[in-house]
2 protein chains.
Amino acid sequence: MAAEPGRSSPFAGLSLEHSSTVDRVADELRRALFDGDIEPGTPLREVALADAMGVSRSTIREALATLVNEGVATRAPNRGVYVTELSPGDVRDVCRSRAVLEVAGVRRWRAAGEESREAVRRALVDFTVAVQSDAGRAELTAAHLAIHRSFVGLTESPRLIALADALTAEVRLGLAKVDRIRRNSADQVASHRALLNLLERDDVEGAAAELEHHLEHAEDSMLDALHLPHAP
Amino acid sequence: MAAEPGRSSPFAGLSLEHSSTVDRVADELRRALFDGDIEPGTPLREVALADAMGVSRSTIREALATLVNEGVATRAPNRGVYVTELSPGDVRDVCRSRAVLEVAGVRRWRAAGEESREAVRRALVDFTVAVQSDAGRAELTAAHLAIHRSFVGLTESPRLIALADALTAEVRLGLAKVDRIRRNSADQVASHRALLNLLERDDVEGAAAELEHHLEHAEDSMLDALHLPHAP
DNA sequence: AATGACGGATTGTCGGACAATCCGACGTGA
DNA sequence: TCACGTCGGATTGTCCGACAATCCGTCATT
C-alpha cells in the first residue's frame with residue numbers, strides 16, 4: 001500500500017495539540033486577566049479558584065506558578081498570589097525593554113529574510129483594515145500588538161521573540177480597561193506606515209529613530225491611560 | 001524609645017531570605033547542572049529525585065517546573081523532564097540574543113548612571129585578577145559572566161537584566177565541561193580591556209562593533225568546545 | 001516485516017491532611 | 001490613648017497516597 005515513497009514526508013501540517021489541564025487553567029486565567037474580568041491587585045486564592053474551576057488545588061498551584069513567572073501575577077510568600085499591579089517604573093521598564101528588542105529587529109531589516117519583512121507588511125495591512133472596518137477593541141489591540149511583534153520578528157530569533165511576548169503579556173494587564181488605542185488609532189496607522197516607508201527605502205536608522213519616538217509616546221499615553229504619574 | 005524620628009528609615013540593609021523548600025531544591029538542581037554533575041539529556045525522574053532529596057514529589061514537580069521555564073530543563077509531555085540539550089541553532093540563538101542585549105547596554109554608556117559604568121570597570125578588574133591569580137574554573141567563568149552581565153547592566157533595566165540572566169543560564173549548561181575559557185583567557189582580558197578603553201574615550205559605536213565581534217568569536221569557540229557543527 | 005496485544009514505568013491529576021505562617025481583632029496594661 | 005501580647009481564622013507550603021492516562025519496549029501473531 002505504500003504508494004510513492006516520495007523523497008519528503010507525505011505528512012505535512014499534521015499536529016495535535018496536547019492540552020493539559022494546567023494549560024487550560026492558565027489560559028482561562030490569562031484570558032480573564034487580559035479581558036479585565038479580574039482587576040490588578042485582586043488575590044488569586046487557591047481553594048477558591050480550585051472549586052470555582054472544578055479542579056484540584058495542585059493543578060491551580062501549578063497554573064499560578066506559570067502565571068507568576070510570566071509576570072502577570074505576583075507571589076507574596078506565605079500570603080498568596082495577586083494579579084500584578086504595574087508601577088510607573090514597571091511600565092517604563094517594560095516599554096523601554098520592548099524598545100530595545102524592536103529596534104534590534106528594525107535594524108536587521110536588510111539582513112532579515114523576505115518572509116520576515118513580508119510579515120511586517122501584512123501586520124500593518126491587517127491593522128489598517130481593522131481600524132477602517134471599526135473592529136472591536138480586542139481585535140484592534142491584537143492587530144496593534146501584532147505589528148510590534150513583527151518588528152521583533154525581524155531578528156528571526158525565537159528567544160528574542162519569546163522575550164518580547166513575555167513583556168507584552170505584562171503590559172496587557174493594564175491595557176484591559178484602556179481603549180485609548182482606539183481614539184488615536186488613525187495616528188497609529190500613520191506612524192507605523194511612515195516607519196514602514198522608511199524601511200522600504202532602506203533608511204534603517206531613520207526607521208529606528210521613528211520607532212523609538214513612537215514608543216516613547218506610547219509609554220506616555222499608557223501612563224496617562226492608567227492614571228499613573230509619569231516617571232522623571 | 002523612638003530616638004530621632006530621622007527623615008529616612010533608620011533600618012537599612014535589613015533583609016531576611018525566606019527560602020522555601022522548592023527554592024532550595026531548584027537551587028541544588030541548578031548547581032548540579034551547572035557543575036556538570038548531571039549531563040545534558042539525562043532524564044530528571046520525579047520519584048527518583050523525590051526520595052533522593054528527601055522531599056515529596058509535589059515539591060520536586062514544582063522545582064522542575066521552574067527549571068523548565070528557565071530553559072535549563074525541557075518537558076516532554078507525559079514523558080518527563082530532561083536536562084536541556086542545546087542544538088547548534090540554540091547556541092547561536094542564545095549568543096545572538098545576548099549580543100542584542102549587551103550591545104543595547106553598551107550603546108547607553110553615556111546615558112547610563114555612573115555606578116553602572118563603575119560596575120563595568122570593577123567587573124573587568126575582578127576578571128583580570130582572577131586570571132592572573134590562576135583561579136579555579138568556576139571562579140573564572142563567574143568573573144567572565146559578570147563582565148557581560150555588567151554590559152547589560154548599563155541599560156539599567158531590571159527586566160533586560162533578568163532576560164540576559166535567563167539566557168546565560170541556558171548556555172551555562174554547555175559551559176560545564178568546557179574550560180576552553182581558561183586557554184585563551186589572556187585574549188579575553190585583552191579584548192574586554194580594549195572594549196572598555198573605547199568606551200572611556202566615548203567611542204560608543206566602536207565599542208559596540210568590538211563587542212559584536214567578540215561575541216561572534218565566542219559563539220564559534222563555544223560550538224567548537226561543545227563539538228557541535230557550526231551553523232551556516 | 002509490519003501489526004497488534006501486553007506489561008511496566010512514569011506522568012498528570014486528584015483528594016485529603018497537617019504544620020507554619022500571616023492577618024486582624026480583641027483584650028490588657030501603662 | 002497607645003503600645004504590646006494573645007488568640008482565632010484564613011491561607012499557604014509541604015507531604016502522602018491513590019489512580020487513570022499515557023508512553024515505551026517487548027513479544028507474539030500474521
# chains A, B, ... in the order shown; residues from 1 in each chain; ligands from 1
call {"tool": "residues_around", "arguments": {"residues": "C:DG4", "least_positions_apart": "2", "cutoff": "12 Å", "atoms": "only C-alpha atoms (C1' of nucleotides)", "output": "PyMOL selection string"}}
result
(chain C and resi 2+6) or (chain D and resi 27-30)
call {"tool": "select_by_dssp", "arguments": {"residues": "stretch 9-158 of chain A", "states": "strand (DSSP E)", "output": "NGL selection string"}}
result
:A and (43-44 or 73-76 or 80-83)
call {"tool": "calpha_fit_and_write", "arguments": {"fixed": "chain B", "moving": "chain A", "output": "short mmCIF file (atom, residue, chain, number, x, y, z; two decimals) with C-alpha atoms, in the first residue's frame"}}
result
data_model
loop_
_atom_site.label_atom_id
_atom_site.label_comp_id
_atom_site.auth_asym_id
_atom_site.auth_seq_id
_atom_site.Cartn_x
_atom_site.Cartn_y
_atom_site.Cartn_z
CA MET A 1 12.64 54.82 73.86
CA ALA A 2 12.25 56.32 70.45
CA ALA A 3 15.46 58.22 70.11
CA GLU A 4 15.77 60.53 67.17
CA PRO A 5 12.72 60.04 64.97
CA GLY A 6 15.20 60.94 62.23
CA ARG A 7 13.93 61.64 58.74
CA SER A 8 14.81 58.42 56.95
CA SER A 9 14.19 54.97 58.34
CA PRO A 10 16.83 53.99 60.89
CA PHE A 11 16.78 50.45 59.52
CA ALA A 12 18.91 49.99 56.50
CA GLY A 13 20.19 46.87 54.88
CA LEU A 14 17.92 44.55 56.77
CA SER A 15 16.59 41.70 54.74
CA LEU A 16 15.67 38.14 55.48
CA GLU A 17 15.77 35.52 52.81
CA HIS A 18 12.70 33.37 52.94
CA SER A 19 13.75 30.13 51.32
CA SER A 20 10.97 27.78 50.45
CA THR A 21 11.75 24.13 50.03
CA VAL A 22 10.98 24.40 46.34
CA ASP A 23 13.56 27.15 45.95
CA ARG A 24 16.23 25.12 47.68
CA VAL A 25 15.47 22.12 45.52
CA ALA A 26 15.65 24.23 42.38
CA ASP A 27 18.92 25.81 43.52
CA GLU A 28 20.46 22.45 44.26
CA LEU A 29 19.43 21.09 40.88
CA ARG A 30 20.75 24.14 39.10
CA ARG A 31 24.06 23.81 40.88
CA ALA A 32 24.28 20.17 39.89
CA LEU A 33 23.54 21.02 36.28
CA PHE A 34 25.95 23.93 36.06
CA ASP A 35 28.72 21.97 37.76
CA GLY A 36 28.26 19.22 35.24
CA ASP A 37 27.27 16.64 37.84
CA ILE A 38 24.32 15.85 35.62
CA GLU A 39 24.88 15.76 31.89
CA PRO A 40 22.57 17.24 29.28
CA GLY A 41 20.05 14.70 28.11
CA THR A 42 19.66 12.86 31.38
CA PRO A 43 16.07 12.42 32.50
CA LEU A 44 15.04 14.03 35.76
CA ARG A 45 12.65 11.48 37.22
CA GLU A 46 10.25 12.84 39.75
CA VAL A 47 10.15 9.95 42.20
CA ALA A 48 13.86 9.34 42.00
CA LEU A 49 14.62 12.96 42.81
CA ALA A 50 11.91 13.03 45.42
CA ASP A 51 13.33 10.34 47.61
CA ALA A 52 16.91 11.23 46.74
CA MET A 53 16.36 14.67 48.23
CA GLY A 54 13.89 13.62 50.87
CA VAL A 55 11.01 15.75 49.71
CA SER A 56 7.62 15.06 48.26
CA ARG A 57 6.92 14.60 44.61
CA SER A 58 4.78 17.73 44.50
CA THR A 59 7.74 19.79 45.59
CA ILE A 60 9.99 18.26 42.98
CA ARG A 61 7.40 18.85 40.31
CA GLU A 62 7.20 22.50 41.19
CA ALA A 63 10.96 22.89 41.16
CA LEU A 64 11.18 21.12 37.83
CA ALA A 65 8.56 23.46 36.43
CA THR A 66 10.73 26.44 37.24
CA LEU A 67 13.80 24.83 35.73
CA VAL A 68 11.79 24.11 32.61
CA ASN A 69 10.75 27.66 32.00
CA GLU A 70 14.20 28.85 32.80
CA GLY A 71 15.13 26.72 29.84
CA VAL A 72 17.75 24.61 31.57
CA ALA A 73 15.39 21.65 31.49
CA THR A 74 12.89 20.53 28.90
CA ARG A 75 9.56 18.83 29.38
CA ALA A 76 8.38 16.13 27.00
CA PRO A 77 4.66 15.82 27.74
CA ASN A 78 3.81 12.55 29.46
CA ARG A 79 7.42 11.49 29.16
CA GLY A 80 9.21 13.54 31.71
CA VAL A 81 11.69 16.33 32.15
CA TYR A 82 15.18 16.16 30.68
CA VAL A 83 18.25 18.29 31.06
CA THR A 84 18.23 20.53 28.02
CA GLU A 85 20.54 19.61 25.17
CA LEU A 86 21.59 22.59 23.13
CA SER A 87 21.56 22.23 19.38
CA PRO A 88 23.96 24.33 17.33
CA GLY A 89 21.00 26.45 16.39
CA ASP A 90 20.20 27.04 20.02
CA VAL A 91 23.74 28.08 20.86
CA ARG A 92 23.68 30.45 17.98
CA ASP A 93 20.35 31.88 18.96
CA VAL A 94 21.30 32.37 22.58
CA CYS A 95 24.56 34.06 21.67
CA ARG A 96 22.95 36.43 19.21
CA SER A 97 20.15 37.23 21.60
CA ARG A 98 22.69 38.07 24.24
CA ALA A 99 24.53 40.17 21.70
CA VAL A 100 21.43 42.25 21.12
CA LEU A 101 21.05 42.92 24.82
CA GLU A 102 24.70 43.63 25.48
CA VAL A 103 25.07 45.92 22.52
CA ALA A 104 21.97 47.78 23.64
CA GLY A 105 23.70 48.29 26.97
CA VAL A 106 26.98 49.42 25.48
CA ARG A 107 25.19 51.89 23.25
CA ARG A 108 23.77 53.53 26.35
CA TRP A 109 27.23 54.03 27.88
CA ARG A 110 26.93 57.79 27.99
CA ALA A 111 23.29 57.84 29.00
CA ALA A 112 23.85 55.32 31.78
CA GLY A 113 24.40 56.30 35.39
CA GLU A 114 27.87 56.52 36.81
CA GLU A 115 27.42 53.51 39.03
CA SER A 116 26.49 51.32 36.08
CA ARG A 117 29.66 52.36 34.31
CA GLU A 118 31.62 51.79 37.47
CA ALA A 119 30.19 48.29 37.67
CA VAL A 120 31.66 47.53 34.26
CA ARG A 121 35.09 48.74 35.30
CA ARG A 122 34.93 46.76 38.51
CA ALA A 123 33.87 43.59 36.70
CA LEU A 124 36.80 43.91 34.36
CA VAL A 125 39.23 44.37 37.24
CA ASP A 126 37.79 41.38 39.04
CA PHE A 127 38.17 39.24 35.97
CA THR A 128 41.72 40.42 35.45
CA VAL A 129 42.86 39.53 38.95
CA ALA A 130 41.01 36.23 38.73
CA VAL A 131 43.00 35.37 35.64
CA GLN A 132 46.29 36.53 37.08
CA SER A 133 45.80 34.78 40.40
CA ASP A 134 45.04 31.58 38.52
CA ALA A 135 41.63 31.10 40.11
CA GLY A 136 39.50 27.98 39.75
CA ARG A 137 37.34 27.35 36.72
CA ALA A 138 34.14 28.20 38.56
CA GLU A 139 35.43 31.59 39.66
CA LEU A 140 36.80 32.36 36.24
CA THR A 141 33.55 31.73 34.45
CA ALA A 142 31.69 33.63 37.14
CA ALA A 143 33.94 36.65 36.70
CA HIS A 144 33.68 36.41 32.95
CA LEU A 145 29.91 36.21 33.01
CA ALA A 146 29.86 39.16 35.39
CA ILE A 147 31.50 41.32 32.76
CA HIS A 148 28.93 40.55 30.15
CA ARG A 149 26.20 41.00 32.70
CA SER A 150 27.54 44.43 33.52
CA PHE A 151 27.22 45.39 29.86
CA VAL A 152 23.55 44.59 29.98
CA GLY A 153 23.47 46.44 33.29
CA LEU A 154 24.18 49.63 31.37
CA THR A 155 20.62 49.51 30.10
CA GLU A 156 19.56 49.92 33.73
CA SER A 157 16.49 47.90 32.90
CA PRO A 158 15.64 45.20 35.44
CA ARG A 159 13.77 43.25 32.83
CA LEU A 160 16.48 43.24 30.22
CA ILE A 161 18.93 42.16 32.89
CA ALA A 162 16.63 39.36 33.94
CA LEU A 163 16.25 38.27 30.32
CA ALA A 164 20.00 38.25 29.85
CA ASP A 165 20.41 36.17 33.00
CA ALA A 166 17.93 33.68 31.66
CA LEU A 167 19.88 33.37 28.44
CA THR A 168 23.10 32.93 30.37
CA ALA A 169 21.57 30.13 32.39
CA GLU A 170 20.75 28.24 29.22
CA VAL A 171 24.27 28.45 27.98
CA ARG A 172 25.93 27.57 31.25
CA LEU A 173 24.74 24.03 30.75
CA GLY A 174 27.23 23.56 28.00
CA LEU A 175 29.93 25.54 29.71
CA ALA A 176 30.15 22.97 32.46
CA LYS A 177 32.65 20.67 30.82
CA VAL A 178 34.48 23.28 28.88
CA ASP A 179 37.46 25.07 30.27
CA ARG A 180 38.44 26.51 26.97
CA ILE A 181 37.75 29.75 28.75
CA ARG A 182 40.94 29.27 30.66
CA ARG A 183 43.15 28.70 27.66
CA ASN A 184 42.60 32.00 25.99
CA SER A 185 41.64 33.91 29.09
CA ALA A 186 44.51 36.29 28.42
CA ASP A 187 42.97 37.13 25.06
CA GLN A 188 39.64 37.62 26.78
CA VAL A 189 41.09 40.13 29.18
CA ALA A 190 42.73 42.00 26.33
CA SER A 191 39.56 42.07 24.29
CA HIS A 192 37.44 43.34 27.13
CA ARG A 193 39.99 45.91 28.11
CA ALA A 194 40.11 47.20 24.55
CA LEU A 195 36.37 47.47 24.61
CA LEU A 196 36.39 49.42 27.83
CA ASN A 197 39.08 51.72 26.48
CA LEU A 198 36.90 52.52 23.51
CA LEU A 199 34.06 53.31 25.83
CA GLU A 200 36.14 55.55 28.05
CA ARG A 201 36.99 57.48 24.91
CA ASP A 202 33.27 57.72 24.19
CA ASP A 203 33.68 55.75 21.00
CA VAL A 204 30.41 53.96 21.57
CA GLU A 205 29.92 52.64 18.06
CA GLY A 206 33.46 51.33 17.99
CA ALA A 207 32.85 49.52 21.24
CA ALA A 208 29.61 48.07 19.94
CA ALA A 209 31.40 46.75 16.88
CA GLU A 210 34.17 45.31 19.02
CA LEU A 211 31.63 43.62 21.25
CA GLU A 212 29.77 42.08 18.34
CA HIS A 213 33.00 40.77 16.97
CA HIS A 214 33.95 39.38 20.37
CA LEU A 215 30.60 37.62 20.71
CA GLU A 216 30.78 36.07 17.28
CA HIS A 217 34.12 34.65 18.21
CA ALA A 218 32.69 33.41 21.50
CA GLU A 219 29.91 31.66 19.64
CA ASP A 220 32.35 29.87 17.41
CA SER A 221 34.64 28.73 20.18
CA MET A 222 31.71 27.57 22.22
CA LEU A 223 30.48 25.42 19.36
CA ASP A 224 33.97 24.02 18.99
CA ALA A 225 34.18 23.28 22.66
CA LEU A 226 30.87 21.47 22.61
CA HIS A 227 31.96 19.47 19.57
CA LEU A 228 29.02 20.76 17.62
CA PRO A 229 29.00 21.50 13.93
CA HIS A 230 28.83 25.16 13.07
CA ALA A 231 25.67 26.59 11.63
CA PRO A 232 25.88 28.32 8.23
#
call {"tool": "interface_residues", "arguments": {"of": "chain D", "to": "chain A", "cutoff": "12 Å", "atoms": "only C-alpha atoms (C1' of nucleotides)", "output": "tab-separated table (two decimals) with N, CA and C atoms (P, O5', C5', C4', C3', O3' and C1' of nucleotides), in the first residue's frame"}}
result
chain	number	residue	atom	x	y	z
D	10	DA	P	-12.47	31.54	58.69
D	10	DA	O5'	-11.24	31.92	57.73
D	10	DA	C5'	-10.78	33.28	57.69
D	10	DA	C4'	-9.55	33.38	56.82
D	10	DA	C3'	-9.58	32.47	55.59
D	10	DA	O3'	-9.07	33.20	54.48
D	10	DA	C1'	-7.64	32.01	56.88
D	11	DT	P	-9.21	32.59	53.00
D	11	DT	O5'	-7.70	32.17	52.69
D	11	DT	C5'	-6.68	33.12	52.90
D	11	DT	C4'	-5.33	32.48	52.72
D	11	DT	C3'	-5.26	31.42	51.61
D	11	DT	O3'	-4.26	31.80	50.67
D	11	DT	C1'	-4.23	30.64	53.61
D	12	DT	P	-3.94	30.90	49.42
D	12	DT	O5'	-2.43	30.47	49.73
D	12	DT	C5'	-1.53	31.46	50.16
D	12	DT	C4'	-0.38	30.81	50.90
D	12	DT	C3'	0.47	29.86	50.05
D	12	DT	O3'	1.85	30.20	50.19
D	12	DT	C1'	-0.18	28.81	52.05
D	13	DG	P	2.95	29.55	49.22
D	13	DG	O5'	3.49	28.32	50.08
D	13	DG	C5'	4.32	28.58	51.17
D	13	DG	C4'	4.81	27.28	51.78
D	13	DG	C3'	5.43	26.29	50.81
D	13	DG	O3'	6.61	25.75	51.40
D	13	DG	C1'	3.64	25.25	51.96
D	14	DT	P	7.58	24.87	50.51
D	14	DT	O5'	7.15	23.39	50.88
D	14	DT	C5'	7.25	22.97	52.23
D	14	DT	C4'	6.50	21.67	52.42
D	14	DT	C3'	6.86	20.55	51.46
D	14	DT	O3'	7.74	19.65	52.11
D	14	DT	C1'	4.53	20.60	52.05
D	21	DA	P	-8.78	6.69	32.10
D	21	DA	O5'	-7.42	7.37	31.64
D	21	DA	C5'	-7.19	8.73	31.95
D	21	DA	C4'	-5.92	9.22	31.26
D	21	DA	C3'	-5.73	8.69	29.84
D	21	DA	O3'	-5.28	9.75	29.02
D	21	DA	C1'	-3.88	8.07	31.19
D	22	DT	P	-5.04	9.53	27.47
D	22	DT	O5'	-3.48	9.29	27.38
D	22	DT	C5'	-2.59	10.25	27.92
D	22	DT	C4'	-1.19	9.70	27.95
D	22	DT	C3'	-0.73	9.07	26.64
D	22	DT	O3'	0.26	9.92	26.07
D	22	DT	C1'	-0.06	7.81	28.55
call {"tool": "interface_residues", "arguments": {"of": "chain C", "to": "chain B", "cutoff": "8 Å", "atoms": "only C-alpha atoms (C1' of nucleotides)", "output": "MDAnalysis selection string"}}
result
chainID C and resid 10:12
call {"tool": "select_by_dssp", "arguments": {"residues": "stretch 48-201 of chain A", "states": "alpha helix (DSSP H)", "output": "PyMOL selection string"}}
result
chain A and resi 48-53+57-70+88-107+114-132+137-153+158-175+180-183+185-200
call {"tool": "residues_around", "arguments": {"residues": "D:DG8", "least_positions_apart": "6", "cutoff": "12 Å", "atoms": "only C-alpha atoms (C1' of nucleotides)", "output": "list in words"}}
result
DC23, DG24, DA25 and DC26 of chain C
call {"tool": "residues_around", "arguments": {"residues": "C:DG29", "least_positions_apart": "5", "cutoff": "12 Å", "atoms": "only C-alpha atoms (C1' of nucleotides)", "output": "MDAnalysis selection string"}}
result
chainID D and resid 2:5
call {"tool": "write_last_selection", "arguments": {"atoms": "C-alpha atoms (C1' of nucleotides)", "output": "compact mmCIF listing (two decimals), in the first residue's frame"}}
result
# COMPACT_ATOMS: atom_id res chain seq x y z
C1' DC D 2 -1.17 53.99 72.79
C1' DA D 3 1.88 50.06 72.85
C1' DC D 4 2.02 45.34 73.40
C1' DG D 5 0.64 40.27 73.95
call {"tool": "decode", "arguments": {"residues": "chain D", "atoms": "C-alpha atoms (C1' of nucleotides)", "output": "PDB file, in the first residue's frame"}}
result
ATOM      1  C1'  DT D   1      -4.677  56.835  74.235  1.00  0.00           C
ATOM      2  C1'  DC D   2      -1.165  53.986  72.788  1.00  0.00           C
ATOM      3  C1'  DA D   3       1.881  50.062  72.852  1.00  0.00           C
ATOM      4  C1'  DC D   4       2.024  45.339  73.402  1.00  0.00           C
ATOM      5  C1'  DG D   5       0.640  40.271  73.948  1.00  0.00           C
ATOM      6  C1'  DT D   6      -2.673  36.882  72.783  1.00  0.00           C
ATOM      7  C1'  DC D   7      -5.875  34.322  70.207  1.00  0.00           C
ATOM      8  C1'  DG D   8      -8.516  32.549  66.164  1.00  0.00           C
ATOM      9  C1'  DG D   9      -9.353  32.194  61.379  1.00  0.00           C
ATOM     10  C1'  DA D  10      -7.644  32.009  56.876  1.00  0.00           C
ATOM     11  C1'  DT D  11      -4.233  30.637  53.605  1.00  0.00           C
ATOM     12  C1'  DT D  12      -0.176  28.805  52.052  1.00  0.00           C
ATOM     13  C1'  DG D  13       3.640  25.251  51.962  1.00  0.00           C
ATOM     14  C1'  DT D  14       4.533  20.601  52.052  1.00  0.00           C
ATOM     15  C1'  DC D  15       3.544  15.979  52.500  1.00  0.00           C
ATOM     16  C1'  DC D  16       1.205  11.494  51.486  1.00  0.00           C
ATOM     17  C1'  DG D  17      -1.347   8.130  48.989  1.00  0.00           C
ATOM     18  C1'  DA D  18      -4.058   6.951  45.140  1.00  0.00           C
ATOM     19  C1'  DC D  19      -5.494   6.151  40.385  1.00  0.00           C
ATOM     20  C1'  DA D  20      -6.276   6.758  35.360  1.00  0.00           C
ATOM     21  C1'  DA D  21      -3.879   8.066  31.187  1.00  0.00           C
ATOM     22  C1'  DT D  22      -0.060   7.805  28.546  1.00  0.00           C
ATOM     23  C1'  DC D  23       4.053   6.086  26.740  1.00  0.00           C
ATOM     24  C1'  DC D  24       7.808   2.670  25.744  1.00  0.00           C
ATOM     25  C1'  DG D  25       9.725  -1.674  24.827  1.00  0.00           C
ATOM     26  C1'  DT D  26       8.912  -6.461  24.176  1.00  0.00           C
ATOM     27  C1'  DC D  27       6.845 -10.216  22.456  1.00  0.00           C
ATOM     28  C1'  DA D  28       3.631 -12.925  19.950  1.00  0.00           C
ATOM     29  C1'  DT D  29       0.975 -13.103  15.647  1.00  0.00           C
ATOM     30  C1'  DT D  30       0.075 -12.864  10.941  1.00  0.00           C
TER      31       DT D  30
END
